[in-house]
Amino acid sequence: VEDMIFHVPNRRLKQSQFFREMLEGTHTGLELEGKDNEHPISLGGISAFEMASFLDVTQSPRLDEDPELTFSQWTAALHLATMWSFDDIRERIIQQVDKTISEVDPIDRIEASLKCRVEKWLHPAYVVLCKREAGLTDVEGERLGFRRSMAIWRVRESLRPIQSPNPAPQHPGPGLGPGPRPGPGPGPGWQFAPVPIHQDPDAKALDLIKKEAALNFS
């Protein structure tokens, strides 16, 4: 990987159909591929960082007791586990990342969700972006792209409280100055207003997000 040689136990590689075919010589027809340093398995399209992160995870005796890995390392390992169909490792990584993902930058969470195919991480990250006081920065907008940035803007606009420019005047009572009209019950001059139904802000944001095609998992 990127001119670096990594040594990986065969037993670990054979957990993946992708590597089983290589080791059995059916992938390229080269029987020596992966047998020694002179005939390594050449892997393109990935980085040495991703490979090192994958090995850090897979060679850890207790995955749930390794707090030293960063979110970038976890997701780099998860990307390879997903791409190479290491299903057990993939599930273990997701379980570990779930414990702290709410603390991760929402843009990083969105990118990891889409790249690593973890749907449950996506919409909660969008909720954070739509509910926070500050809008998207230029850098965040560039990372999300035009369509998703505009979708987030529409959701944020829908979540803004509606302010009435001309509040309804109060009826003065006799001898009381401004205030509600006294009396035993409704009568002429009384006004009725609908009682607002308060929806959980997260649920409301989530409903709006799901209506935006650009923000859905695909």
# chains A, B, ... in the order shown; residues from 1 in each chain; ligands from 1
call {"tool": "residues_around", "arguments": {"residues": "Glu212 of chain A", "least_positions_apart": "6", "cutoff": "12 Å", "atoms": "only C-alpha atoms", "output": "ChimeraX atom specification"}}
result
/A:123,126,147-155,205-206
call {"tool": "residues_around", "arguments": {"residues": "Ser218 of chain A", "least_positions_apart": "6", "cutoff": "9 Å", "atoms": "only C-alpha atoms", "output": "ChimeraX atom specification"}}
result
/A:114,117,119
call {"tool": "write_last_selection", "arguments": {"atoms": "N, CA, C and O atoms", "output": "mmCIF file, in the first residue's frame"}}
result
data_model
loop_
_atom_site.group_PDB
_atom_site.id
_atom_site.type_symbol
_atom_site.label_atom_id
_atom_site.label_comp_id
_atom_site.auth_asym_id
_atom_site.auth_seq_id
_atom_site.Cartn_x
_atom_site.Cartn_y
_atom_site.Cartn_z
ATOM 1 N N LEU A 114 -21.666 8.142 5.171
ATOM 2 C CA LEU A 114 -21.830 7.841 3.753
ATOM 3 C C LEU A 114 -20.703 6.953 3.228
ATOM 4 O O LEU A 114 -20.945 6.027 2.449
ATOM 5 N N ARG A 117 -21.058 3.503 5.031
ATOM 6 C CA ARG A 117 -22.392 2.897 4.893
ATOM 7 C C ARG A 117 -23.040 2.589 6.251
ATOM 8 O O ARG A 117 -23.534 1.500 6.490
ATOM 9 N N GLU A 119 -26.008 4.039 8.167
ATOM 10 C CA GLU A 119 -27.129 4.967 8.000
ATOM 11 C C GLU A 119 -27.509 5.669 9.286
ATOM 12 O O GLU A 119 -27.884 6.848 9.277
#
call {"tool": "closest_residue", "arguments": {"among": "A:Val118, A:Ile94, A:Leu159, A:Leu80", "to": "Glu50 of chain A", "atoms": "only C-alpha atoms"}}
result
A:Leu80
call {"tool": "residues_around", "arguments": {"residues": "Gly45 of chain A", "least_positions_apart": "4", "cutoff": "12 Å", "atoms": "only C-alpha atoms", "output": "count of residues only"}}
result
7
call {"tool": "closest_residue", "arguments": {"among": "A:Asn216, A:Gln73, A:Ser42, A:Thr100", "to": "Asp3 of chain A", "atoms": "only C-alpha atoms"}}
result
A:Ser42
call {"tool": "residues_around", "arguments": {"residues": "Lys115 of chain A", "least_positions_apart": "4", "cutoff": "10 Å", "atoms": "only C-alpha atoms", "output": "PyMOL selection string"}}
result
chain A and resi 75-76+78-79+82-83+109-111
call {"tool": "select_by_dssp", "arguments": {"residues": "segment 62-123 of chain A", "states": "alpha helix (DSSP H)", "output": "CSV table (one decimal) with N, CA, C and O atoms, in the first residue's frame"}}
result
chain,number,residue,atom,x,y,z
A,71,PHE,N,-11.1,9.2,16.0
A,71,PHE,CA,-12.3,9.0,15.1
A,71,PHE,C,-11.8,8.7,13.7
A,71,PHE,O,-12.4,7.8,13.0
A,72,SER,N,-10.8,9.4,13.2
A,72,SER,CA,-10.3,9.2,11.9
A,72,SER,C,-9.7,7.8,11.7
A,72,SER,O,-9.9,7.2,10.7
A,73,GLN,N,-9.1,7.3,12.7
A,73,GLN,CA,-8.5,5.9,12.7
A,73,GLN,C,-9.7,4.9,12.7
A,73,GLN,O,-9.6,3.9,11.9
A,74,TRP,N,-10.6,5.1,13.5
A,74,TRP,CA,-11.8,4.2,13.6
A,74,TRP,C,-12.5,4.1,12.2
A,74,TRP,O,-12.8,3.0,11.7
A,75,THR,N,-12.7,5.3,11.7
A,75,THR,CA,-13.5,5.3,10.4
A,75,THR,C,-12.7,4.8,9.2
A,75,THR,O,-13.2,4.2,8.3
A,76,ALA,N,-11.3,5.0,9.3
A,76,ALA,CA,-10.5,4.5,8.2
A,76,ALA,C,-10.5,3.0,8.3
A,76,ALA,O,-10.6,2.3,7.2
A,77,ALA,N,-10.4,2.4,9.5
A,77,ALA,CA,-10.5,1.0,9.6
A,77,ALA,C,-11.9,0.4,9.2
A,77,ALA,O,-12.0,-0.6,8.5
A,78,LEU,N,-12.9,1.2,9.5
A,78,LEU,CA,-14.3,0.8,9.2
A,78,LEU,C,-14.5,0.8,7.7
A,78,LEU,O,-15.1,-0.1,7.1
A,79,HIS,N,-13.9,1.8,7.0
A,79,HIS,CA,-14.0,1.8,5.6
A,79,HIS,C,-13.4,0.6,4.9
A,79,HIS,O,-14.1,0.0,4.0
A,80,LEU,N,-12.3,0.1,5.4
A,80,LEU,CA,-11.7,-1.1,4.8
A,80,LEU,C,-12.4,-2.3,5.2
A,80,LEU,O,-12.6,-3.2,4.3
A,81,ALA,N,-12.9,-2.4,6.4
A,81,ALA,CA,-13.7,-3.5,6.8
A,81,ALA,C,-14.9,-3.7,6.0
A,81,ALA,O,-15.4,-4.8,5.7
A,82,THR,N,-15.5,-2.5,5.7
A,82,THR,CA,-16.7,-2.5,4.8
A,82,THR,C,-16.4,-2.9,3.4
A,82,THR,O,-17.1,-3.8,2.8
A,83,MET,N,-15.4,-2.4,2.8
A,83,MET,CA,-15.0,-2.6,1.5
A,83,MET,C,-14.6,-4.1,1.2
A,83,MET,O,-14.9,-4.7,0.2
A,87,ASP,N,-17.2,-8.6,8.0
A,87,ASP,CA,-18.5,-8.3,8.6
A,87,ASP,C,-18.4,-8.2,10.2
A,87,ASP,O,-18.9,-7.3,10.8
A,88,ASP,N,-17.7,-9.1,10.8
A,88,ASP,CA,-17.6,-9.1,12.3
A,88,ASP,C,-16.8,-7.9,12.7
A,88,ASP,O,-17.2,-7.3,13.7
A,89,ILE,N,-15.7,-7.6,12.1
A,89,ILE,CA,-14.9,-6.5,12.5
A,89,ILE,C,-15.7,-5.2,12.3
A,89,ILE,O,-15.6,-4.3,13.1
A,90,ARG,N,-16.4,-5.1,11.2
A,90,ARG,CA,-17.2,-3.9,10.9
A,90,ARG,C,-18.2,-3.7,12.1
A,90,ARG,O,-18.3,-2.6,12.6
A,91,GLU,N,-18.9,-4.7,12.5
A,91,GLU,CA,-19.9,-4.5,13.5
A,91,GLU,C,-19.3,-4.2,14.9
A,91,GLU,O,-19.8,-3.3,15.6
A,92,ARG,N,-18.1,-4.7,15.2
A,92,ARG,CA,-17.4,-4.4,16.4
A,92,ARG,C,-16.9,-2.9,16.4
A,92,ARG,O,-17.0,-2.2,17.4
A,93,ILE,N,-16.5,-2.4,15.2
A,93,ILE,CA,-16.0,-1.0,15.1
A,93,ILE,C,-17.2,-0.1,15.3
A,93,ILE,O,-17.1,0.9,16.1
A,94,ILE,N,-18.3,-0.4,14.7
A,94,ILE,CA,-19.5,0.4,14.8
A,94,ILE,C,-20.0,0.5,16.2
A,94,ILE,O,-20.3,1.6,16.8
A,95,GLN,N,-20.0,-0.6,16.9
A,95,GLN,CA,-20.4,-0.6,18.3
A,95,GLN,C,-19.5,0.3,19.2
A,95,GLN,O,-20.0,1.0,20.1
A,96,GLN,N,-18.2,0.2,18.9
A,96,GLN,CA,-17.3,1.1,19.6
A,96,GLN,C,-17.4,2.5,19.3
A,96,GLN,O,-17.4,3.4,20.2
A,97,VAL,N,-17.6,2.9,18.1
A,97,VAL,CA,-17.7,4.3,17.7
A,97,VAL,C,-19.0,4.9,18.2
A,97,VAL,O,-19.1,6.1,18.5
A,98,ASP,N,-20.1,4.0,18.3
A,98,ASP,CA,-21.4,4.5,18.8
A,98,ASP,C,-21.3,5.2,20.1
A,98,ASP,O,-22.1,6.1,20.5
A,106,PRO,N,-20.1,17.2,13.4
A,106,PRO,CA,-21.2,16.7,12.6
A,106,PRO,C,-20.8,16.5,11.1
A,106,PRO,O,-21.3,15.5,10.5
A,107,ILE,N,-19.9,17.3,10.5
A,107,ILE,CA,-19.5,17.1,9.2
A,107,ILE,C,-18.7,15.8,9.0
A,107,ILE,O,-18.9,15.0,8.1
A,108,ASP,N,-17.8,15.5,10.0
A,108,ASP,CA,-17.1,14.3,10.0
A,108,ASP,C,-18.0,13.1,10.1
A,108,ASP,O,-17.8,12.0,9.5
A,109,ARG,N,-19.0,13.2,10.9
A,109,ARG,CA,-20.0,12.1,11.1
A,109,ARG,C,-20.8,11.9,9.8
A,109,ARG,O,-21.0,10.7,9.4
A,110,ILE,N,-21.1,12.9,9.1
A,110,ILE,CA,-21.8,12.8,7.8
A,110,ILE,C,-21.0,12.1,6.8
A,110,ILE,O,-21.4,11.1,6.1
A,111,GLU,N,-19.7,12.5,6.7
A,111,GLU,CA,-18.8,11.9,5.7
A,111,GLU,C,-18.6,10.4,6.1
A,111,GLU,O,-18.5,9.6,5.2
A,112,ALA,N,-18.4,10.1,7.3
A,112,ALA,CA,-18.1,8.7,7.7
A,112,ALA,C,-19.4,7.9,7.5
A,112,ALA,O,-19.3,6.7,7.1
A,113,SER,N,-20.6,8.4,7.8
A,113,SER,CA,-21.8,7.7,7.5
A,113,SER,C,-21.9,7.2,6.1
A,113,SER,O,-22.2,6.1,5.8
A,114,LEU,N,-21.7,8.1,5.2
A,114,LEU,CA,-21.8,7.8,3.8
A,114,LEU,C,-20.7,7.0,3.2
A,114,LEU,O,-20.9,6.0,2.4
A,115,LYS,N,-19.5,7.2,3.7
A,115,LYS,CA,-18.3,6.5,3.2
A,115,LYS,C,-18.3,5.0,3.7
A,115,LYS,O,-18.0,4.1,3.0
A,116,CYS,N,-18.7,4.9,4.9
A,116,CYS,CA,-18.7,3.6,5.6
A,116,CYS,C,-20.0,2.9,5.6
A,116,CYS,O,-20.2,1.8,6.2
A,122,LEU,N,-26.3,9.3,10.1
A,122,LEU,CA,-26.4,10.4,9.2
A,122,LEU,C,-27.4,11.5,9.7
A,122,LEU,O,-27.0,12.6,9.9
A,123,HIS,N,-28.6,11.2,9.9
A,123,HIS,CA,-29.6,12.2,10.2
A,123,HIS,C,-29.4,12.9,11.6
A,123,HIS,O,-29.6,14.1,11.7
call {"tool": "atom_distance", "arguments": {"atom1": "atom CA of Phe54 of chain A", "atom2": "atom CA of Ile5 of chain A"}}
result
13.9 Å
call {"tool": "atom_distance", "arguments": {"atom1": "atom CA of Arg12 of chain A", "atom2": "atom CA of Lys99 of chain A"}}
result
25.6 Å
call {"tool": "atom_distance", "arguments": {"atom1": "atom CA of Lys120 of chain A", "atom2": "atom CA of Lys210 of chain A"}}
result
12.9 Å
call {"tool": "decode", "arguments": {"residues": "segment 61-146 of chain A", "atoms": "C-alpha atoms", "output": "PDB file, in the first residue's frame"}}
result
ATOM      1  CA  PRO A  61      -6.868  -8.181  21.669  1.00  0.00           C
ATOM      2  CA  ARG A  62      -9.759  -6.249  23.225  1.00  0.00           C
ATOM      3  CA  LEU A  63     -11.332  -3.755  20.865  1.00  0.00           C
ATOM      4  CA  ASP A  64     -13.525  -2.209  23.538  1.00  0.00           C
ATOM      5  CA  GLU A  65     -10.497  -1.421  25.733  1.00  0.00           C
ATOM      6  CA  ASP A  66      -8.495   0.595  23.186  1.00  0.00           C
ATOM      7  CA  PRO A  67      -9.276   4.290  23.777  1.00  0.00           C
ATOM      8  CA  GLU A  68      -6.169   5.528  21.970  1.00  0.00           C
ATOM      9  CA  LEU A  69      -7.629   5.490  18.456  1.00  0.00           C
ATOM     10  CA  THR A  70      -8.999   8.716  16.987  1.00  0.00           C
ATOM     11  CA  PHE A  71     -12.286   8.967  15.115  1.00  0.00           C
ATOM     12  CA  SER A  72     -10.300   9.207  11.875  1.00  0.00           C
ATOM     13  CA  GLN A  73      -8.531   5.930  12.676  1.00  0.00           C
ATOM     14  CA  TRP A  74     -11.759   4.162  13.591  1.00  0.00           C
ATOM     15  CA  THR A  75     -13.501   5.254  10.404  1.00  0.00           C
ATOM     16  CA  ALA A  76     -10.465   4.487   8.228  1.00  0.00           C
ATOM     17  CA  ALA A  77     -10.504   0.951   9.617  1.00  0.00           C
ATOM     18  CA  LEU A  78     -14.273   0.764   9.195  1.00  0.00           C
ATOM     19  CA  HIS A  79     -14.011   1.842   5.564  1.00  0.00           C
ATOM     20  CA  LEU A  80     -11.667  -1.059   4.768  1.00  0.00           C
ATOM     21  CA  ALA A  81     -13.666  -3.544   6.839  1.00  0.00           C
ATOM     22  CA  THR A  82     -16.741  -2.543   4.818  1.00  0.00           C
ATOM     23  CA  MET A  83     -14.990  -2.610   1.461  1.00  0.00           C
ATOM     24  CA  TRP A  84     -13.392  -6.011   2.097  1.00  0.00           C
ATOM     25  CA  SER A  85     -16.449  -7.593   3.789  1.00  0.00           C
ATOM     26  CA  PHE A  86     -14.952  -8.171   7.231  1.00  0.00           C
ATOM     27  CA  ASP A  87     -18.465  -8.251   8.646  1.00  0.00           C
ATOM     28  CA  ASP A  88     -17.595  -9.145  12.251  1.00  0.00           C
ATOM     29  CA  ILE A  89     -14.892  -6.483  12.492  1.00  0.00           C
ATOM     30  CA  ARG A  90     -17.228  -3.950  10.918  1.00  0.00           C
ATOM     31  CA  GLU A  91     -19.927  -4.549  13.536  1.00  0.00           C
ATOM     32  CA  ARG A  92     -17.416  -4.358  16.393  1.00  0.00           C
ATOM     33  CA  ILE A  93     -16.039  -1.047  15.139  1.00  0.00           C
ATOM     34  CA  ILE A  94     -19.535   0.433  14.785  1.00  0.00           C
ATOM     35  CA  GLN A  95     -20.402  -0.619  18.340  1.00  0.00           C
ATOM     36  CA  GLN A  96     -17.253   1.051  19.637  1.00  0.00           C
ATOM     37  CA  VAL A  97     -17.711   4.281  17.670  1.00  0.00           C
ATOM     38  CA  ASP A  98     -21.376   4.508  18.754  1.00  0.00           C
ATOM     39  CA  LYS A  99     -20.200   5.222  22.316  1.00  0.00           C
ATOM     40  CA  THR A 100     -18.633   8.579  21.489  1.00  0.00           C
ATOM     41  CA  ILE A 101     -19.959   9.610  18.078  1.00  0.00           C
ATOM     42  CA  SER A 102     -22.216  12.316  19.546  1.00  0.00           C
ATOM     43  CA  GLU A 103     -19.023  14.197  20.507  1.00  0.00           C
ATOM     44  CA  VAL A 104     -17.640  14.158  16.938  1.00  0.00           C
ATOM     45  CA  ASP A 105     -17.889  17.091  14.521  1.00  0.00           C
ATOM     46  CA  PRO A 106     -21.168  16.689  12.580  1.00  0.00           C
ATOM     47  CA  ILE A 107     -19.513  17.084   9.153  1.00  0.00           C
ATOM     48  CA  ASP A 108     -17.063  14.290  10.006  1.00  0.00           C
ATOM     49  CA  ARG A 109     -20.001  12.146  11.093  1.00  0.00           C
ATOM     50  CA  ILE A 110     -21.848  12.768   7.835  1.00  0.00           C
ATOM     51  CA  GLU A 111     -18.824  11.884   5.718  1.00  0.00           C
ATOM     52  CA  ALA A 112     -18.147   8.734   7.748  1.00  0.00           C
ATOM     53  CA  SER A 113     -21.791   7.654   7.545  1.00  0.00           C
ATOM     54  CA  LEU A 114     -21.830   7.841   3.753  1.00  0.00           C
ATOM     55  CA  LYS A 115     -18.341   6.454   3.152  1.00  0.00           C
ATOM     56  CA  CYS A 116     -18.684   3.567   5.598  1.00  0.00           C
ATOM     57  CA  ARG A 117     -22.392   2.897   4.893  1.00  0.00           C
ATOM     58  CA  VAL A 118     -23.676   3.441   8.449  1.00  0.00           C
ATOM     59  CA  GLU A 119     -27.129   4.967   8.000  1.00  0.00           C
ATOM     60  CA  LYS A 120     -27.918   5.573  11.681  1.00  0.00           C
ATOM     61  CA  TRP A 121     -25.117   8.154  11.965  1.00  0.00           C
ATOM     62  CA  LEU A 122     -26.435  10.410   9.184  1.00  0.00           C
ATOM     63  CA  HIS A 123     -29.631  12.179  10.243  1.00  0.00           C
ATOM     64  CA  PRO A 124     -28.575  12.924  13.855  1.00  0.00           C
ATOM     65  CA  ALA A 125     -25.557  14.781  12.456  1.00  0.00           C
ATOM     66  CA  TYR A 126     -27.808  16.820  10.162  1.00  0.00           C
ATOM     67  CA  VAL A 127     -30.037  17.633  13.148  1.00  0.00           C
ATOM     68  CA  VAL A 128     -27.038  19.176  14.921  1.00  0.00           C
ATOM     69  CA  LEU A 129     -26.264  21.380  11.907  1.00  0.00           C
ATOM     70  CA  CYS A 130     -29.878  22.452  11.502  1.00  0.00           C
ATOM     71  CA  LYS A 131     -30.518  23.273  15.170  1.00  0.00           C
ATOM     72  CA  ARG A 132     -27.327  25.044  16.167  1.00  0.00           C
ATOM     73  CA  GLU A 133     -27.282  28.842  16.330  1.00  0.00           C
ATOM     74  CA  ALA A 134     -24.467  29.320  13.791  1.00  0.00           C
ATOM     75  CA  GLY A 135     -25.035  28.558  10.119  1.00  0.00           C
ATOM     76  CA  LEU A 136     -22.685  26.604   7.900  1.00  0.00           C
ATOM     77  CA  THR A 137     -19.168  27.943   7.500  1.00  0.00           C
ATOM     78  CA  ASP A 138     -17.584  28.268   4.058  1.00  0.00           C
ATOM     79  CA  VAL A 139     -15.468  25.184   4.706  1.00  0.00           C
ATOM     80  CA  GLU A 140     -18.474  23.150   5.836  1.00  0.00           C
ATOM     81  CA  GLY A 141     -20.427  24.264   2.779  1.00  0.00           C
ATOM     82  CA  GLU A 142     -17.606  23.163   0.492  1.00  0.00           C
ATOM     83  CA  ARG A 143     -17.430  19.745   2.157  1.00  0.00           C
ATOM     84  CA  LEU A 144     -21.195  19.224   1.946  1.00  0.00           C
ATOM     85  CA  GLY A 145     -21.671  20.571  -1.565  1.00  0.00           C
ATOM     86  CA  PHE A 146     -24.317  22.913  -2.943  1.00  0.00           C
TER      87      PHE A 146
END
